[in-house]
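Coordinates as given in target31.txt (compact mmCIF, C-alpha atoms and all ligand atoms):
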```txt
# COMPACT_ATOMS: atom_id res chain seq x y z
CA MET A 26 83.36 87.24 101.70
CA LEU A 27 86.31 85.11 100.68
CA THR A 28 86.40 84.12 97.05
CA SER A 29 88.67 81.65 95.29
CA ARG A 30 91.53 82.64 93.07
CA ARG A 31 90.32 83.94 89.77
CA ILE A 32 90.95 81.78 86.74
CA ASP A 33 90.02 84.66 84.46
CA ALA A 34 92.80 86.00 82.23
CA ARG A 35 91.79 89.48 83.32
CA LYS A 36 93.60 89.84 86.62
CA ARG A 37 93.08 92.33 89.40
CA ILE A 38 96.52 93.86 89.80
CA ALA A 39 97.37 96.02 92.82
CA LEU A 40 100.10 98.59 92.20
CA VAL A 41 101.89 100.34 95.05
CA ALA A 42 105.14 102.30 95.23
CA HIS A 43 106.98 104.30 97.85
CA ASP A 44 107.95 107.83 96.88
CA ASN A 45 111.55 107.01 95.88
CA LYS A 46 110.27 104.09 93.81
CA LYS A 47 107.33 105.78 92.09
CA LYS A 48 109.30 106.73 89.01
CA ASP A 49 110.47 103.10 88.61
CA LEU A 50 106.92 101.79 88.87
CA ILE A 51 105.48 104.38 86.50
CA ASP A 52 108.25 103.65 83.93
CA TRP A 53 107.54 99.94 84.23
CA ALA A 54 103.79 100.47 83.86
CA GLU A 55 104.25 102.69 80.83
CA PHE A 56 106.56 100.13 79.22
CA ASN A 57 103.91 97.47 79.82
CA LYS A 58 100.92 99.65 79.01
CA VAL A 59 99.51 97.33 76.32
CA VAL A 60 99.62 94.24 78.52
CA LEU A 61 98.30 96.11 81.54
CA ALA A 62 95.35 97.31 79.45
CA LYS A 63 93.98 93.73 79.65
CA HIS A 64 93.83 93.86 83.43
CA GLU A 65 92.03 95.74 86.17
CA LEU A 66 94.33 98.09 88.08
CA ILE A 67 93.93 98.98 91.74
CA ALA A 68 96.39 101.28 93.52
CA THR A 69 97.09 103.29 96.63
CA GLY A 70 96.15 106.96 96.30
CA THR A 71 99.22 108.76 95.02
CA THR A 72 100.53 105.84 93.00
CA GLY A 73 97.10 105.49 91.38
CA LYS A 74 96.91 109.17 90.47
CA LEU A 75 100.31 109.03 88.74
CA LEU A 76 99.34 105.81 86.92
CA GLU A 77 96.09 107.29 85.67
CA GLU A 78 97.92 110.31 84.30
CA LYS A 79 100.66 108.27 82.63
CA LEU A 80 98.50 105.43 81.28
CA ASP A 81 95.51 107.64 80.46
CA ARG A 82 93.07 105.05 81.77
CA PRO A 83 91.04 104.56 84.94
CA VAL A 84 92.71 103.03 87.97
CA LYS A 85 90.73 102.14 91.08
CA ARG A 86 92.30 104.46 93.64
CA LEU A 87 92.24 103.69 97.34
CA LEU A 88 93.51 105.90 100.17
CA SER A 89 97.11 107.02 100.17
CA GLY A 90 99.37 104.35 101.69
CA PRO A 91 100.22 106.16 104.94
CA LEU A 92 96.54 107.05 105.43
CA GLY A 93 95.26 103.47 105.25
CA GLY A 94 95.74 102.55 101.57
CA ASP A 95 98.16 99.73 102.38
CA GLN A 96 95.62 98.32 104.80
CA GLN A 97 92.89 98.55 102.17
CA ILE A 98 95.01 96.58 99.68
CA GLY A 99 95.74 94.03 102.40
CA ALA A 100 92.04 93.68 103.16
CA LEU A 101 91.28 93.10 99.45
CA ILE A 102 93.98 90.42 99.31
CA ALA A 103 92.51 88.74 102.38
CA VAL A 104 89.09 88.43 100.76
CA GLY A 105 90.51 87.19 97.44
CA GLU A 106 89.92 90.35 95.45
CA ILE A 107 93.52 90.92 94.32
CA ASP A 108 95.29 88.40 92.07
CA VAL A 109 98.70 90.05 91.80
CA MET A 110 100.46 92.76 93.79
CA ILE A 111 103.30 94.82 92.36
CA PHE A 112 104.76 96.65 95.34
CA PHE A 113 107.95 98.64 94.77
CA TRP A 114 108.81 99.35 98.40
CA ASP A 115 111.86 101.38 99.33
CA PRO A 116 114.65 99.34 100.93
CA MET A 117 116.68 102.48 101.67
CA GLU A 118 114.28 104.56 103.73
CA ALA A 119 112.08 103.88 106.74
CA GLN A 120 108.44 104.86 106.23
CA PRO A 121 106.22 106.50 108.86
CA HIS A 122 103.77 103.66 108.22
CA ASP A 123 106.31 100.81 108.28
CA SER A 124 103.92 98.74 110.37
CA ASP A 125 101.32 98.96 107.57
CA VAL A 126 103.93 98.02 104.95
CA LYS A 127 104.95 94.99 106.97
CA ALA A 128 101.33 94.01 107.51
CA LEU A 129 100.57 94.26 103.79
CA LEU A 130 103.54 92.10 102.82
CA ARG A 131 102.66 89.64 105.56
CA VAL A 132 99.01 89.24 104.58
CA ALA A 133 99.98 88.86 100.90
CA ILE A 134 102.24 85.94 101.77
CA ALA A 135 99.70 84.49 104.21
CA TRP A 136 97.19 84.34 101.35
CA ASN A 137 99.59 83.08 98.70
CA CYS A 138 99.13 86.22 96.63
CA ILE A 139 101.52 86.70 93.70
CA VAL A 140 103.87 89.49 94.79
CA ALA A 141 106.63 91.33 92.89
CA CYS A 142 108.73 93.91 94.73
CA ASP A 143 111.16 94.88 91.97
CA ARG A 144 111.17 95.39 88.24
CA SER A 145 112.79 92.06 87.33
CA THR A 146 110.23 90.06 89.24
CA ALA A 147 107.38 92.22 87.94
CA ASP A 148 108.57 91.44 84.39
CA PHE A 149 108.62 87.72 85.15
CA VAL A 150 105.11 87.85 86.59
CA LEU A 151 103.59 89.89 83.79
CA THR A 152 105.12 87.73 81.06
CA SER A 153 104.37 84.44 82.78
CA PRO A 154 102.13 82.02 80.87
CA LEU A 155 100.43 81.56 84.23
CA MET A 156 98.85 84.98 83.70
CA GLN A 157 96.68 83.30 81.09
CA SER A 158 93.50 81.65 82.19
CA ASP A 159 94.04 78.19 80.73
CA TYR A 160 97.40 77.78 82.49
CA ALA A 161 96.13 79.15 85.77
CA ALA A 162 93.27 76.68 85.69
CA THR A 163 95.69 73.77 85.89
CA LEU A 164 97.22 74.98 89.17
CA PRO A 165 95.96 73.91 92.56
CA ASP A 166 93.95 76.58 94.34
CA TYR A 167 95.36 76.99 97.82
CA THR A 168 92.65 79.34 98.99
CA GLU A 169 90.46 76.71 100.64
CA TYR A 170 93.49 75.02 102.19
CA LEU A 171 94.79 78.31 103.62
CA LYS A 172 91.37 79.24 104.91
CA ARG A 173 90.95 75.89 106.68
CA ARG A 174 94.44 76.07 108.15
CA ILE A 175 93.95 79.56 109.54
CA GLU A 176 90.44 78.93 110.85
CA ASN A 177 91.43 75.66 112.59
CA LYS A 178 94.26 77.33 114.46
O1 LIG B 201 102.84 104.43 100.97
C1 LIG B 201 102.63 103.65 100.08
C2 LIG B 201 102.91 102.23 100.23
O2 LIG B 201 103.34 101.86 101.51
C3 LIG B 201 102.08 104.13 98.79
O3 LIG B 201 101.09 105.11 98.99
P1 LIG B 201 100.82 106.21 97.89
O4 LIG B 201 100.63 105.52 96.59
O5 LIG B 201 99.59 106.94 98.35
O6 LIG B 201 102.05 107.10 97.89
```

Please, can you express the file's structure as structure tokens?
Ligand SMILES: O=C(CO)COP(=O)(O)O
Amino acid sequence: MLTSRRIDARKRIALVAHDNKKKDLIDWAEFNKVVLAKHELIATGTTGKLLEEKLDRPVKRLLSGPLGGDQQIGALIAVGEIDVMIFFWDPMEAQPHDSDVKALLRVAIAWNCIVACDRSTADFVLTSPLMQSDYAATLPDYTEYLKRRIENK
């Protein structure tokens, strides 16, 4: 069931990284451990396992990316259950599941999900005042508009 964007300051953050980018994502998450502690973390299988170990906190782990985890994150985005996605994908190496990667990035944009694919953008997102509930509440919610537009097609 589609839900509207959450105004809550506690966001549901999806974290995903390709193998060559896992170290970058884990370093970033460790650096931002205190801020991330305020949010719910959801991740693809291997990324989630590494995050749990490094952050010493629970992370909702889905399937590994190539085994359907990317599709699970995409499905959560489509029903409004992810507020932010941090996806450090590898621009230097083709993935066996490139079609899933493309689908995940596509559905995130289709649903106006906040997406960061590198460390600089992830820093901007995490430090944005829009991460706080009172700021987010002043923004228009595009969810209903997007839903109408897609369903009327
Ligand atoms: O493959 C991925 C993203 O496309 C990530 O999956 P893992 O976190 O299971 O390695």

*Distance of CA of Ala62 in chain A from CA of Lys85 in chain A, expressed in Å to one decimal place*: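 Calculated distance between CA of Lys85 in chain A and CA of Ala62 in chain A is 13.4 Å.
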
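Computed from the coordinates, the CA of Val126 in chain A to CA of Ala147 in chain A distance equals 18.3 Å.
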
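With only C-alpha atoms as the atoms that count, the minimum distance from Pro116 in chain A to the choices A:Arg86, A:Ala39, A:Cys142, A:Asn137 is reached by A:Cys142.
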
*Point-to-point distance from CA of Leu88 in chain A to CA of Asp125 in chain A, Å rounded to tenths*: 12.8 Å

Neighbouring residues of Ile67 in chain A were defined as those with any atom within 9 Å, considering all atoms listed in the file; residues of the same chain fewer than 6 positions away were excluded. Please report them as a tab-separated table (two decimals) with C-alpha atoms, keeping the file's coordinate frame.
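Full text of part_8.tsv as output:
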```
chain	number	residue	atom	x	y	z
A	37	ARG	CA	93.08	92.33	89.40
A	38	ILE	CA	96.52	93.86	89.80
A	39	ALA	CA	97.37	96.02	92.82
A	40	LEU	CA	100.10	98.59	92.20
A	41	VAL	CA	101.89	100.34	95.05
A	73	GLY	CA	97.10	105.49	91.38
A	84	VAL	CA	92.71	103.03	87.97
A	85	LYS	CA	90.73	102.14	91.08
A	86	ARG	CA	92.30	104.46	93.64
A	87	LEU	CA	92.24	103.69	97.34
A	98	ILE	CA	95.01	96.58	99.68
A	107	ILE	CA	93.52	90.92	94.32
```

Using all atoms listed in the file, tabulate the residues of chain A lying at most 10 Å from any atom of ligand LIG 201 (chain B), each with its closest atom pair and that distance in Å to one decimal, by chain and increasing residue number, as a Markdown table.
```
| residue | atom | partner | partner_atom | distance |
| --- | --- | --- | --- | --- |
| A:Leu40 | CA | B:LIG201 | O4 | 8.2 |
| A:Val41 | CA | B:LIG201 | C3 | 5.3 |
| A:Ala42 | CA | B:LIG201 | C3 | 5.0 |
| A:His43 | CA | B:LIG201 | C1 | 4.9 |
| A:Asp44 | CA | B:LIG201 | O6 | 6.0 |
| A:Asn45 | CA | B:LIG201 | O6 | 9.7 |
| A:Lys46 | CA | B:LIG201 | C3 | 9.6 |
| A:Lys47 | CA | B:LIG201 | O6 | 8.0 |
| A:Ala68 | CA | B:LIG201 | O4 | 6.7 |
| A:Thr69 | CA | B:LIG201 | O4 | 4.2 |
| A:Gly70 | CA | B:LIG201 | O5 | 4.0 |
| A:Thr71 | CA | B:LIG201 | O5 | 3.8 |
| A:Thr72 | CA | B:LIG201 | O4 | 3.6 |
| A:Gly73 | CA | B:LIG201 | O4 | 6.3 |
| A:Lys74 | CA | B:LIG201 | O4 | 8.0 |
| A:Leu75 | CA | B:LIG201 | O4 | 8.6 |
| A:Leu76 | CA | B:LIG201 | O4 | 9.8 |
| A:Arg86 | CA | B:LIG201 | O4 | 8.9 |
| A:Leu87 | CA | B:LIG201 | O5 | 8.1 |
| A:Leu88 | CA | B:LIG201 | O5 | 6.4 |
| A:Ser89 | CA | B:LIG201 | O5 | 3.1 |
| A:Gly90 | CA | B:LIG201 | O3 | 3.3 |
| A:Pro91 | CA | B:LIG201 | O1 | 5.1 |
| A:Leu92 | CA | B:LIG201 | O5 | 7.7 |
| A:Gly93 | CA | B:LIG201 | O3 | 8.7 |
| A:Gly94 | CA | B:LIG201 | O3 | 6.5 |
| A:Asp95 | CA | B:LIG201 | O2 | 5.7 |
| A:Gln96 | CA | B:LIG201 | O2 | 9.1 |
| A:Ile98 | CA | B:LIG201 | C2 | 9.7 |
| A:Phe112 | CA | B:LIG201 | C2 | 7.6 |
| A:Phe113 | CA | B:LIG201 | C2 | 8.3 |
| A:Trp114 | CA | B:LIG201 | O2 | 6.8 |
| A:Asp115 | CA | B:LIG201 | O2 | 8.8 |
| A:Gln120 | CA | B:LIG201 | O2 | 7.6 |
| A:Pro121 | CA | B:LIG201 | O1 | 8.8 |
| A:His122 | CA | B:LIG201 | O2 | 7.0 |
| A:Asp123 | CA | B:LIG201 | O2 | 7.5 |
| A:Ser124 | CA | B:LIG201 | O2 | 9.4 |
| A:Asp125 | CA | B:LIG201 | O2 | 7.0 |
| A:Val126 | CA | B:LIG201 | O2 | 5.2 |
| A:Lys127 | CA | B:LIG201 | O2 | 8.9 |
| A:Leu129 | CA | B:LIG201 | O2 | 8.4 |
| A:Leu130 | CA | B:LIG201 | O2 | 9.8 |
```

*Quick one: everything within 7 Å of Ala103 in chain A, counting only C-alpha atoms, minus sequence neighbours fewer than 2 positions away in the same chain. Send it as an NGL selection string.*
:A and (99-101 or 105 or 132 or 136)

*Using only C-alpha atoms, find the one residue out of A:Ala128, A:Ala135, A:Ile111, A:Leu151 that sits nearest to Lys63 in chain A.*
A:Leu151
